[in-house]
$ cat entry-v3.pdb   # PDB, C-alpha atoms
ATOM      1  CA  MET A   1     -36.447  40.005 -56.923  1.00  0.00           C
ATOM      2  CA  CYS A   2     -38.970  37.560 -58.341  1.00  0.00           C
ATOM      3  CA  ASP A   3     -41.012  34.808 -56.754  1.00  0.00           C
ATOM      4  CA  VAL A   4     -39.932  32.188 -59.300  1.00  0.00           C
ATOM      5  CA  CYS A   5     -36.393  31.376 -58.228  1.00  0.00           C
ATOM      6  CA  GLY A   6     -35.686  33.658 -55.276  1.00  0.00           C
ATOM      7  CA  CYS A   7     -32.873  35.237 -57.293  1.00  0.00           C
ATOM      8  CA  GLY A   8     -30.229  33.562 -55.208  1.00  0.00           C
ATOM      9  CA  ASP A   9     -31.604  34.660 -51.820  1.00  0.00           C
ATOM     10  CA  PRO A  10     -31.113  31.676 -49.460  1.00  0.00           C
ATOM     11  CA  LYS A  11     -33.878  33.019 -47.195  1.00  0.00           C
ATOM     12  CA  ILE A  12     -36.365  32.427 -50.005  1.00  0.00           C
ATOM     13  CA  VAL A  13     -34.875  29.467 -51.873  1.00  0.00           C
ATOM     14  CA  SER A  14     -32.216  27.184 -50.419  1.00  0.00           C
ATOM     15  CA  GLU A  15     -28.959  26.630 -52.287  1.00  0.00           C
ATOM     16  CA  ASP A  16     -29.879  23.010 -52.990  1.00  0.00           C
ATOM     17  CA  LEU A  17     -33.243  23.946 -54.422  1.00  0.00           C
ATOM     18  CA  HIS A  18     -31.737  26.761 -56.459  1.00  0.00           C
ATOM     19  CA  GLN A  19     -29.211  24.360 -57.983  1.00  0.00           C
ATOM     20  CA  ARG A  20     -32.033  21.933 -58.757  1.00  0.00           C
ATOM     21  CA  ILE A  21     -33.958  24.733 -60.497  1.00  0.00           C
ATOM     22  CA  LEU A  22     -30.909  25.583 -62.593  1.00  0.00           C
ATOM     23  CA  SER A  23     -30.283  21.922 -63.400  1.00  0.00           C
ATOM     24  CA  ASP A  24     -33.871  21.483 -64.599  1.00  0.00           C
ATOM     25  CA  ASN A  25     -33.544  24.692 -66.593  1.00  0.00           C
ATOM     26  CA  ASP A  26     -30.358  23.458 -68.279  1.00  0.00           C
ATOM     27  CA  ARG A  27     -32.087  20.276 -69.434  1.00  0.00           C
ATOM     28  CA  VAL A  28     -34.854  22.270 -71.098  1.00  0.00           C
ATOM     29  CA  ALA A  29     -32.276  24.651 -72.564  1.00  0.00           C
ATOM     30  CA  GLU A  30     -30.581  21.739 -74.315  1.00  0.00           C
ATOM     31  CA  HIS A  31     -33.942  20.779 -75.801  1.00  0.00           C
ATOM     32  CA  ASN A  32     -34.396  24.373 -76.985  1.00  0.00           C
ATOM     33  CA  ARG A  33     -30.917  24.309 -78.511  1.00  0.00           C
ATOM     34  CA  ASP A  34     -31.826  21.189 -80.486  1.00  0.00           C
ATOM     35  CA  HIS A  35     -35.048  22.900 -81.531  1.00  0.00           C
ATOM     36  CA  PHE A  36     -33.160  25.921 -82.868  1.00  0.00           C
ATOM     37  CA  ALA A  37     -30.628  23.721 -84.642  1.00  0.00           C
ATOM     38  CA  HIS A  38     -33.398  21.711 -86.306  1.00  0.00           C
ATOM     39  CA  ARG A  39     -34.909  24.933 -87.635  1.00  0.00           C
ATOM     40  CA  GLY A  40     -31.521  26.307 -88.677  1.00  0.00           C
ATOM     41  CA  MET A  41     -31.860  29.374 -86.482  1.00  0.00           C
ATOM     42  CA  LEU A  42     -29.000  31.335 -84.930  1.00  0.00           C
ATOM     43  CA  THR A  43     -30.338  32.392 -81.541  1.00  0.00           C
ATOM     44  CA  ILE A  44     -29.209  35.439 -79.573  1.00  0.00           C
ATOM     45  CA  ASN A  45     -30.113  36.069 -75.940  1.00  0.00           C
ATOM     46  CA  LEU A  46     -30.335  39.877 -75.870  1.00  0.00           C
ATOM     47  CA  MET A  47     -30.120  41.282 -72.351  1.00  0.00           C
ATOM     48  CA  GLY A  48     -29.887  44.711 -70.774  1.00  0.00           C
ATOM     49  CA  SER A  49     -31.583  47.245 -68.542  1.00  0.00           C
ATOM     50  CA  PRO A  50     -35.061  48.607 -69.227  1.00  0.00           C
ATOM     51  CA  GLY A  51     -34.642  51.318 -71.854  1.00  0.00           C
ATOM     52  CA  ALA A  52     -31.221  50.146 -73.024  1.00  0.00           C
ATOM     53  CA  GLY A  53     -32.481  49.949 -76.606  1.00  0.00           C
ATOM     54  CA  LYS A  54     -32.954  46.203 -77.066  1.00  0.00           C
ATOM     55  CA  THR A  55     -36.092  46.479 -79.190  1.00  0.00           C
ATOM     56  CA  ALA A  56     -34.613  49.321 -81.245  1.00  0.00           C
ATOM     57  CA  LEU A  57     -31.537  47.206 -81.880  1.00  0.00           C
ATOM     58  CA  ILE A  58     -33.623  44.333 -83.280  1.00  0.00           C
ATOM     59  CA  GLU A  59     -35.539  46.803 -85.456  1.00  0.00           C
ATOM     60  CA  ALA A  60     -32.227  48.191 -86.752  1.00  0.00           C
ATOM     61  CA  THR A  61     -30.891  44.682 -87.346  1.00  0.00           C
ATOM     62  CA  ARG A  62     -33.882  44.009 -89.571  1.00  0.00           C
ATOM     63  CA  ARG A  63     -32.966  47.078 -91.654  1.00  0.00           C
ATOM     64  CA  ILE A  64     -29.264  46.300 -92.027  1.00  0.00           C
ATOM     65  CA  LEU A  65     -29.665  42.566 -92.704  1.00  0.00           C
ATOM     66  CA  PRO A  66     -32.602  42.435 -95.126  1.00  0.00           C
ATOM     67  CA  GLU A  67     -31.315  39.177 -96.617  1.00  0.00           C
ATOM     68  CA  LEU A  68     -31.908  37.339 -93.329  1.00  0.00           C
ATOM     69  CA  ARG A  69     -35.252  36.274 -91.931  1.00  0.00           C
ATOM     70  CA  LEU A  70     -35.583  37.528 -88.348  1.00  0.00           C
ATOM     71  CA  ALA A  71     -37.979  36.467 -85.603  1.00  0.00           C
ATOM     72  CA  ALA A  72     -38.126  37.225 -81.901  1.00  0.00           C
ATOM     73  CA  VAL A  73     -39.732  36.627 -78.550  1.00  0.00           C
ATOM     74  CA  SER A  74     -39.867  39.488 -76.065  1.00  0.00           C
ATOM     75  CA  GLY A  75     -39.988  38.961 -72.323  1.00  0.00           C
ATOM     76  CA  ASP A  76     -42.125  41.483 -70.498  1.00  0.00           C
ATOM     77  CA  LEU A  77     -43.844  41.514 -67.127  1.00  0.00           C
ATOM     78  CA  ALA A  78     -47.140  42.868 -68.376  1.00  0.00           C
ATOM     79  CA  THR A  79     -47.451  44.238 -71.932  1.00  0.00           C
ATOM     80  CA  ASP A  80     -47.108  43.323 -75.614  1.00  0.00           C
ATOM     81  CA  HIS A  81     -45.524  46.655 -76.529  1.00  0.00           C
ATOM     82  CA  ASP A  82     -42.146  45.324 -77.653  1.00  0.00           C
ATOM     83  CA  SER A  83     -43.501  42.495 -79.785  1.00  0.00           C
ATOM     84  CA  GLU A  84     -46.013  44.888 -81.358  1.00  0.00           C
ATOM     85  CA  ARG A  85     -43.150  47.215 -82.304  1.00  0.00           C
ATOM     86  CA  LEU A  86     -41.196  44.355 -83.812  1.00  0.00           C
ATOM     87  CA  GLU A  87     -44.187  43.114 -85.794  1.00  0.00           C
ATOM     88  CA  ALA A  88     -44.651  46.637 -87.168  1.00  0.00           C
ATOM     89  CA  ALA A  89     -40.970  46.616 -88.204  1.00  0.00           C
ATOM     90  CA  GLY A  90     -41.418  43.369 -90.134  1.00  0.00           C
ATOM     91  CA  VAL A  91     -40.045  41.004 -87.493  1.00  0.00           C
ATOM     92  CA  PRO A  92     -42.454  38.173 -86.567  1.00  0.00           C
ATOM     93  CA  ALA A  93     -42.606  38.315 -82.771  1.00  0.00           C
ATOM     94  CA  ARG A  94     -44.370  36.905 -79.746  1.00  0.00           C
ATOM     95  CA  THR A  95     -44.534  38.098 -76.142  1.00  0.00           C
ATOM     96  CA  ILE A  96     -43.582  35.962 -73.166  1.00  0.00           C
ATOM     97  CA  THR A  97     -45.478  37.517 -70.255  1.00  0.00           C
ATOM     98  CA  THR A  98     -43.618  36.756 -67.028  1.00  0.00           C
ATOM     99  CA  GLY A  99     -45.905  38.353 -64.433  1.00  0.00           C
ATOM    100  CA  THR A 100     -43.537  38.857 -61.491  1.00  0.00           C
ATOM    101  CA  ALA A 101     -40.495  37.012 -62.879  1.00  0.00           C
ATOM    102  CA  CYS A 102     -37.565  39.309 -63.613  1.00  0.00           C
ATOM    103  CA  HIS A 103     -36.024  37.015 -66.243  1.00  0.00           C
ATOM    104  CA  LEU A 104     -36.870  34.437 -68.856  1.00  0.00           C
ATOM    105  CA  ASP A 105     -36.076  30.787 -68.260  1.00  0.00           C
ATOM    106  CA  ALA A 106     -35.757  27.893 -70.681  1.00  0.00           C
ATOM    107  CA  SER A 107     -39.256  26.568 -69.979  1.00  0.00           C
ATOM    108  CA  MET A 108     -40.848  29.902 -70.891  1.00  0.00           C
ATOM    109  CA  VAL A 109     -38.966  29.927 -74.189  1.00  0.00           C
ATOM    110  CA  HIS A 110     -39.817  26.263 -74.780  1.00  0.00           C
ATOM    111  CA  HIS A 111     -43.508  26.989 -74.306  1.00  0.00           C
ATOM    112  CA  ALA A 112     -43.342  29.886 -76.777  1.00  0.00           C
ATOM    113  CA  LEU A 113     -41.553  27.765 -79.380  1.00  0.00           C
ATOM    114  CA  HIS A 114     -44.071  24.952 -79.229  1.00  0.00           C
ATOM    115  CA  HIS A 115     -47.012  27.329 -79.582  1.00  0.00           C
ATOM    116  CA  TRP A 116     -45.627  29.061 -82.663  1.00  0.00           C
ATOM    117  CA  ASP A 117     -46.404  26.683 -85.511  1.00  0.00           C
ATOM    118  CA  ASP A 118     -45.171  28.854 -88.386  1.00  0.00           C
ATOM    119  CA  LEU A 119     -41.965  30.007 -86.702  1.00  0.00           C
ATOM    120  CA  ALA A 120     -39.148  30.229 -89.240  1.00  0.00           C
ATOM    121  CA  GLY A 121     -36.065  32.337 -89.692  1.00  0.00           C
ATOM    122  CA  ASP A 122     -32.313  32.592 -89.908  1.00  0.00           C
ATOM    123  CA  LEU A 123     -31.789  34.788 -86.857  1.00  0.00           C
ATOM    124  CA  PHE A 124     -33.869  34.470 -83.696  1.00  0.00           C
ATOM    125  CA  PHE A 125     -33.702  37.023 -80.893  1.00  0.00           C
ATOM    126  CA  ILE A 126     -34.748  36.279 -77.333  1.00  0.00           C
ATOM    127  CA  GLU A 127     -35.289  39.776 -75.959  1.00  0.00           C
ATOM    128  CA  ASN A 128     -34.955  39.139 -72.253  1.00  0.00           C
ATOM    129  CA  VAL A 129     -36.682  41.012 -69.449  1.00  0.00           C
ATOM    130  CA  GLY A 130     -35.016  44.348 -68.701  1.00  0.00           C
ATOM    131  CA  ASN A 131     -32.673  43.498 -65.824  1.00  0.00           C
ATOM    132  CA  LEU A 132     -28.903  43.427 -65.279  1.00  0.00           C
ATOM    133  CA  VAL A 133     -28.948  40.591 -62.724  1.00  0.00           C
ATOM    134  CA  CYS A 134     -31.060  37.450 -63.128  1.00  0.00           C
ATOM    135  CA  PRO A 135     -31.189  36.938 -66.921  1.00  0.00           C
ATOM    136  CA  ALA A 136     -27.471  36.143 -66.998  1.00  0.00           C
ATOM    137  CA  ILE A 137     -27.946  33.056 -64.823  1.00  0.00           C
ATOM    138  CA  TYR A 138     -30.382  31.175 -67.067  1.00  0.00           C
ATOM    139  CA  ASP A 139     -29.347  29.270 -70.182  1.00  0.00           C
ATOM    140  CA  LEU A 140     -32.165  29.497 -72.737  1.00  0.00           C
ATOM    141  CA  GLY A 141     -30.606  27.425 -75.504  1.00  0.00           C
ATOM    142  CA  GLN A 142     -29.007  30.441 -77.182  1.00  0.00           C
ATOM    143  CA  ALA A 143     -25.906  30.513 -79.360  1.00  0.00           C
ATOM    144  CA  ALA A 144     -24.608  33.717 -77.771  1.00  0.00           C
ATOM    145  CA  ASN A 145     -25.299  36.291 -75.067  1.00  0.00           C
ATOM    146  CA  VAL A 146     -25.370  39.953 -76.073  1.00  0.00           C
ATOM    147  CA  VAL A 147     -25.755  42.771 -73.554  1.00  0.00           C
ATOM    148  CA  ALA A 148     -27.104  46.159 -74.601  1.00  0.00           C
ATOM    149  CA  LEU A 149     -25.634  48.869 -72.369  1.00  0.00           C
ATOM    150  CA  SER A 150     -26.962  52.352 -72.980  1.00  0.00           C
ATOM    151  CA  ALA A 151     -24.469  55.219 -73.047  1.00  0.00           C
ATOM    152  CA  THR A 152     -26.705  56.957 -70.521  1.00  0.00           C
ATOM    153  CA  GLU A 153     -26.178  54.230 -67.903  1.00  0.00           C
ATOM    154  CA  GLY A 154     -22.655  55.301 -67.037  1.00  0.00           C
ATOM    155  CA  PRO A 155     -19.250  53.573 -67.076  1.00  0.00           C
ATOM    156  CA  ASP A 156     -19.536  51.626 -63.829  1.00  0.00           C
ATOM    157  CA  LYS A 157     -22.279  49.138 -64.713  1.00  0.00           C
ATOM    158  CA  PRO A 158     -19.906  46.272 -65.639  1.00  0.00           C
ATOM    159  CA  LEU A 159     -18.272  46.569 -62.219  1.00  0.00           C
ATOM    160  CA  LYS A 160     -21.590  46.835 -60.374  1.00  0.00           C
ATOM    161  CA  TYR A 161     -23.183  43.922 -62.254  1.00  0.00           C
ATOM    162  CA  PRO A 162     -20.231  41.628 -63.082  1.00  0.00           C
ATOM    163  CA  VAL A 163     -22.278  38.410 -63.463  1.00  0.00           C
ATOM    164  CA  MET A 164     -24.183  39.860 -66.401  1.00  0.00           C
ATOM    165  CA  PHE A 165     -21.091  41.086 -68.230  1.00  0.00           C
ATOM    166  CA  ARG A 166     -19.031  38.009 -67.381  1.00  0.00           C
ATOM    167  CA  ALA A 167     -21.629  35.926 -69.219  1.00  0.00           C
ATOM    168  CA  ALA A 168     -21.631  38.195 -72.296  1.00  0.00           C
ATOM    169  CA  ASP A 169     -20.060  37.286 -75.615  1.00  0.00           C
ATOM    170  CA  LEU A 170     -20.527  40.841 -76.847  1.00  0.00           C
ATOM    171  CA  VAL A 171     -21.498  44.175 -75.307  1.00  0.00           C
ATOM    172  CA  LEU A 172     -23.161  46.820 -77.431  1.00  0.00           C
ATOM    173  CA  LEU A 173     -22.801  50.364 -76.137  1.00  0.00           C
ATOM    174  CA  THR A 174     -26.107  51.666 -77.463  1.00  0.00           C
ATOM    175  CA  LYS A 175     -27.423  55.188 -78.074  1.00  0.00           C
ATOM    176  CA  SER A 176     -23.972  56.421 -79.102  1.00  0.00           C
ATOM    177  CA  ASP A 177     -25.666  59.380 -80.794  1.00  0.00           C
ATOM    178  CA  LEU A 178     -26.169  60.772 -77.277  1.00  0.00           C
ATOM    179  CA  LEU A 179     -22.451  60.700 -76.378  1.00  0.00           C
ATOM    180  CA  PRO A 180     -21.821  64.312 -77.520  1.00  0.00           C
ATOM    181  CA  HIS A 181     -24.382  65.356 -74.909  1.00  0.00           C
ATOM    182  CA  LEU A 182     -22.829  63.194 -72.166  1.00  0.00           C
ATOM    183  CA  PRO A 183     -19.408  64.731 -71.460  1.00  0.00           C
ATOM    184  CA  ASP A 184     -18.839  62.505 -68.440  1.00  0.00           C
ATOM    185  CA  ILE A 185     -19.320  59.265 -70.397  1.00  0.00           C
ATOM    186  CA  ASP A 186     -16.152  57.965 -72.025  1.00  0.00           C
ATOM    187  CA  PRO A 187     -16.384  54.674 -73.937  1.00  0.00           C
ATOM    188  CA  ALA A 188     -12.742  54.018 -73.021  1.00  0.00           C
ATOM    189  CA  ARG A 189     -13.718  53.853 -69.350  1.00  0.00           C
ATOM    190  CA  ILE A 190     -16.450  51.367 -70.155  1.00  0.00           C
ATOM    191  CA  ARG A 191     -13.991  49.235 -72.120  1.00  0.00           C
ATOM    192  CA  ASP A 192     -11.656  49.312 -69.134  1.00  0.00           C
ATOM    193  CA  ALA A 193     -14.443  48.195 -66.801  1.00  0.00           C
ATOM    194  CA  LEU A 194     -15.384  45.365 -69.172  1.00  0.00           C
ATOM    195  CA  ALA A 195     -11.763  44.220 -69.292  1.00  0.00           C
ATOM    196  CA  ARG A 196     -11.936  43.647 -65.540  1.00  0.00           C
ATOM    197  CA  VAL A 197     -14.954  41.337 -65.652  1.00  0.00           C
ATOM    198  CA  MET A 198     -15.291  39.793 -69.128  1.00  0.00           C
ATOM    199  CA  PRO A 199     -13.065  36.793 -69.944  1.00  0.00           C
ATOM    200  CA  GLU A 200     -12.780  38.024 -73.551  1.00  0.00           C
ATOM    201  CA  PRO A 201     -13.827  41.690 -73.593  1.00  0.00           C
ATOM    202  CA  ARG A 202     -15.572  42.759 -76.782  1.00  0.00           C
ATOM    203  CA  MET A 203     -17.599  45.929 -77.199  1.00  0.00           C
ATOM    204  CA  LEU A 204     -19.100  47.740 -80.172  1.00  0.00           C
ATOM    205  CA  VAL A 205     -20.317  51.335 -80.010  1.00  0.00           C
ATOM    206  CA  VAL A 206     -23.624  51.541 -81.885  1.00  0.00           C
ATOM    207  CA  SER A 207     -26.655  53.702 -82.528  1.00  0.00           C
ATOM    208  CA  ALA A 208     -29.947  52.403 -83.856  1.00  0.00           C
ATOM    209  CA  THR A 209     -30.802  56.006 -84.766  1.00  0.00           C
ATOM    210  CA  THR A 210     -27.740  57.012 -86.807  1.00  0.00           C
ATOM    211  CA  ARG A 211     -26.639  53.428 -87.653  1.00  0.00           C
ATOM    212  CA  GLU A 212     -23.170  54.113 -86.233  1.00  0.00           C
ATOM    213  CA  GLY A 213     -21.369  50.823 -85.602  1.00  0.00           C
ATOM    214  CA  LEU A 214     -24.136  48.664 -87.039  1.00  0.00           C
ATOM    215  CA  GLU A 215     -21.896  47.361 -89.818  1.00  0.00           C
ATOM    216  CA  GLY A 216     -19.658  45.871 -87.143  1.00  0.00           C
ATOM    217  CA  TRP A 217     -22.706  44.363 -85.425  1.00  0.00           C
ATOM    218  CA  ALA A 218     -23.880  42.828 -88.706  1.00  0.00           C
ATOM    219  CA  ALA A 219     -20.384  41.451 -89.362  1.00  0.00           C
ATOM    220  CA  TRP A 220     -20.302  39.874 -85.898  1.00  0.00           C
ATOM    221  CA  LEU A 221     -23.641  38.173 -86.507  1.00  0.00           C
ATOM    222  CA  ARG A 222     -22.510  36.890 -89.901  1.00  0.00           C
ATOM    223  CA  GLU A 223     -19.302  35.573 -88.333  1.00  0.00           C
ATOM    224  CA  LEU A 224     -21.310  33.775 -85.655  1.00  0.00           C
ATOM    225  CA  GLN A 225     -23.657  32.340 -88.249  1.00  0.00           C
ATOM    226  CA  ALA A 226     -20.763  31.099 -90.376  1.00  0.00           C
ATOM    227  CA  ALA A 227     -19.128  29.464 -87.350  1.00  0.00           C
ATOM    228  CA  ARG A 228     -22.371  27.700 -86.504  1.00  0.00           C
ATOM    229  CA  GLU A 229     -22.802  26.426 -90.059  1.00  0.00           C
ATOM    230  CA  THR A 230     -19.259  25.058 -90.183  1.00  0.00           C
ATOM    231  CA  GLY A 231     -19.673  23.404 -86.793  1.00  0.00           C
ATOM    232  CA  GLU A 232     -16.846  25.375 -85.177  1.00  0.00           C
ATOM    233  CA  GLY A 233     -19.143  26.735 -82.504  1.00  0.00           C
ATOM    234  CA  ALA A 234     -19.147  30.221 -81.090  1.00  0.00           C
ATOM    235  CA  GLY A 235     -20.623  32.093 -78.220  1.00  0.00           C
ATOM    236  CA  ALA A 236     -22.567  30.710 -75.306  1.00  0.00           C
ATOM    237  CA  SER A 237     -23.865  27.180 -75.628  1.00  0.00           C
ATOM    238  CA  GLY A 238     -24.628  26.470 -72.027  1.00  0.00           C
TER     239      GLY A 238
END
$ encode --input "entry-v3.pdb" --output "structure tokens"
Amino acid sequence: MCDVCGCGDPKIVSEDLHQRILSDNDRVAEHNRDHFAHRGMLTINLMGSPGAGKTALIEATRRILPELRLAAVSGDLATDHDSERLEAAGVPARTITTGTACHLDASMVHHALHHWDDLAGDLFFIENVGNLVCPAIYDLGQAANVVALSATEGPDKPLKYPVMFRAADLVLLTKSDLLPHLPDIDPARIRDALARVMPEPRMLVVSATTREGLEGWAAWLRELQAARETGEGAGASG
């Protein structure tokens, strides 16, 4: 729980105030969306638990899509570790330090955008704070929501955290190279759990280490980019 929004706890923040916070957030998110459109950037809100492999996925995306210019912001409570990794991988990146907040909101992203004068790219990742609850509630101006779910997290996470997976346009089952060592983890069970909570279940099994499934991930991104350029729209737009 954070001290920014109360995370839906009526003892901390009333329902009326919480709705007002979300309404204000949505207005800033629309501004961010215009900002991304003006710069021609396809923006992905990448969510998932701590250690789910979000940073590794962006690093791998840089390797498999060398023709695209990538950039990213990474939400973290206290360090610059993720953005430093991305910079080392050739992805221009900035850190959004949240302090005690367990999610990014549109204002945080807005502030980062307007203090990044040379920001440019085709594909922009918002690497959200590691959390399977609050990040799903906040529109940031993204084109789509992607959830990284590590194979080590087990098959029940979509049922335990339905809000997160209900908001997802795509789920990436990461660290698939570990599946041979996890006899109790069956991707079919995870797909079944997603089918119970996602309006349009879609999951890819991927590994940033072995590159398994990354061609499908790249194809999905290209499809989303093409839809945006033709004005058809795709993914989450608020």
$ resolve_selection --input "entry-v3.pdb" --expression "the PyMOL selection byres ((chain A and resi 136-145) around 9)" --output "PyMOL selection string"
chain A and resi 22+25-26+28-36+42-47+103-110+125-126+132-135+146-147+163-171+224+228+233-238
$ residues_near_point --input "entry-v3.pdb" --point "(-39.1, 42.4, -75.2)" --cutoff "9 Å" --atoms "all atoms listed in the file" --output "list in words"
Lys54, Thr55, Ala72, Val73, Ser74, Gly75, Asp76, Asp80, His81, Asp82, Ser83, Arg94, Thr95, Ile96, Ile126, Glu127, Asn128, Val129 and Gly130 of chain A
$ atom_distance --input "entry-v3.pdb" --atom1 "CA of Ala60 (chain A)" --atom2 "CA of Asp177 (chain A)"
14.3 Å
$ residues_around --input "entry-v3.pdb" --residues "Thr152 (chain A)" --least-positions-apart "5" --cutoff "9 Å" --atoms "all atoms listed in the file" --output "list in words"
Ala52, Thr174, Lys175, Leu178, Leu179, Leu182 and Ile185 of chain A
$ closest_residue --input "entry-v3.pdb" --among "A:Leu173, A:Leu57, A:Leu159, A:Leu221" --to "Met203 (chain A)" --atoms "only C-alpha atoms"
A:Leu173
$ closest_residue --input "entry-v3.pdb" --among "A:Ile58, A:Leu119, A:Leu214, A:Leu172" --to "Ala148 (chain A)" --atoms "all atoms listed in the file"
A:Leu172
$ residues_near_point --input "entry-v3.pdb" --point "(-32.4, 27.6, -87.9)" --cutoff "8 Å" --atoms "all atoms listed in the file" --output "list in words"
Phe36, Ala37, His38, Arg39, Gly40, Met41, Leu42, Ala120, Gly121, Asp122 and Leu123 of chain A
$ residues_around --input "entry-v3.pdb" --residues "Ile64 (chain A)" --least-positions-apart "6" --cutoff "9 Å" --atoms "only C-alpha atoms" --output "ChimeraX atom specification"
/A:211,214-215,218
$ closest_residue --input "entry-v3.pdb" --among "A:Val91, A:Ala226, A:Val197, A:Ala56" --to "Ser150 (chain A)" --atoms "only C-alpha atoms"
A:Ala56
$ atom_distance --input "entry-v3.pdb" --atom1 "CA of Leu77 (chain A)" --atom2 "CA of Thr100 (chain A)"
6.2 Å
$ closest_residue --input "entry-v3.pdb" --among "A:Leu113, A:Leu204, A:Asp184, A:Ile21" --to "Ala219 (chain A)" --atoms "only C-alpha atoms"
A:Leu204
$ closest_residue --input "entry-v3.pdb" --among "A:Thr79, A:Ser23, A:Thr61, A:Thr98" --to "Trp220 (chain A)" --atoms "all atoms listed in the file"
A:Thr61
$ atom_distance --input "entry-v3.pdb" --atom1 "CA of Ala112 (chain A)" --atom2 "CA of Thr97 (chain A)"
10.3 Å
$ closest_residue --input "entry-v3.pdb" --among "A:Pro155, A:Ala93, A:Leu149, A:Phe124" --to "Ser207 (chain A)" --atoms "all atoms listed in the file"
A:Leu149
$ decode --input "entry-v3.pdb" --residues "region 104-115 of chain A" --atoms "N, CA, C and O atoms" --output "CSV table (one decimal), in the first residue's frame"
chain,number,residue,atom,x,y,z
A,104,LEU,N,3.2,3.8,-11.0
A,104,LEU,CA,3.4,5.1,-11.7
A,104,LEU,C,2.0,5.7,-12.0
A,104,LEU,O,1.0,4.9,-12.1
A,105,ASP,N,1.9,7.0,-12.0
A,105,ASP,CA,0.7,7.6,-12.5
A,105,ASP,C,1.0,8.5,-13.6
A,105,ASP,O,2.2,8.7,-14.0
A,106,ALA,N,0.0,9.1,-14.2
A,106,ALA,CA,0.2,9.9,-15.5
A,106,ALA,C,1.0,11.1,-15.2
A,106,ALA,O,1.8,11.5,-16.1
A,107,SER,N,0.9,11.7,-14.0
A,107,SER,CA,1.7,12.9,-13.7
A,107,SER,C,3.2,12.6,-13.6
A,107,SER,O,4.0,13.4,-14.1
A,108,MET,N,3.5,11.5,-13.1
A,108,MET,CA,4.9,11.1,-13.0
A,108,MET,C,5.5,11.0,-14.4
A,108,MET,O,6.6,11.4,-14.7
A,109,VAL,N,4.7,10.3,-15.3
A,109,VAL,CA,5.2,10.1,-16.6
A,109,VAL,C,5.3,11.4,-17.4
A,109,VAL,O,6.2,11.7,-18.1
A,110,HIS,N,4.3,12.3,-17.1
A,110,HIS,CA,4.3,13.6,-17.8
A,110,HIS,C,5.5,14.4,-17.4
A,110,HIS,O,6.2,15.0,-18.2
A,111,HIS,N,5.8,14.4,-16.1
A,111,HIS,CA,7.0,15.1,-15.6
A,111,HIS,C,8.3,14.6,-16.3
A,111,HIS,O,9.2,15.4,-16.7
A,112,ALA,N,8.4,13.3,-16.4
A,112,ALA,CA,9.6,12.7,-17.1
A,112,ALA,C,9.7,13.1,-18.5
A,112,ALA,O,10.7,13.4,-19.1
A,113,LEU,N,8.5,13.1,-19.2
A,113,LEU,CA,8.5,13.5,-20.6
A,113,LEU,C,9.0,14.9,-20.9
A,113,LEU,O,9.7,15.2,-21.8
A,114,HIS,N,8.5,15.8,-20.0
A,114,HIS,CA,8.8,17.2,-20.2
A,114,HIS,C,10.2,17.6,-19.7
A,114,HIS,O,10.5,18.8,-19.8
A,115,HIS,N,10.9,16.7,-19.1
A,115,HIS,CA,12.3,16.9,-18.7
A,115,HIS,C,13.3,16.0,-19.4
A,115,HIS,O,14.3,15.8,-19.0
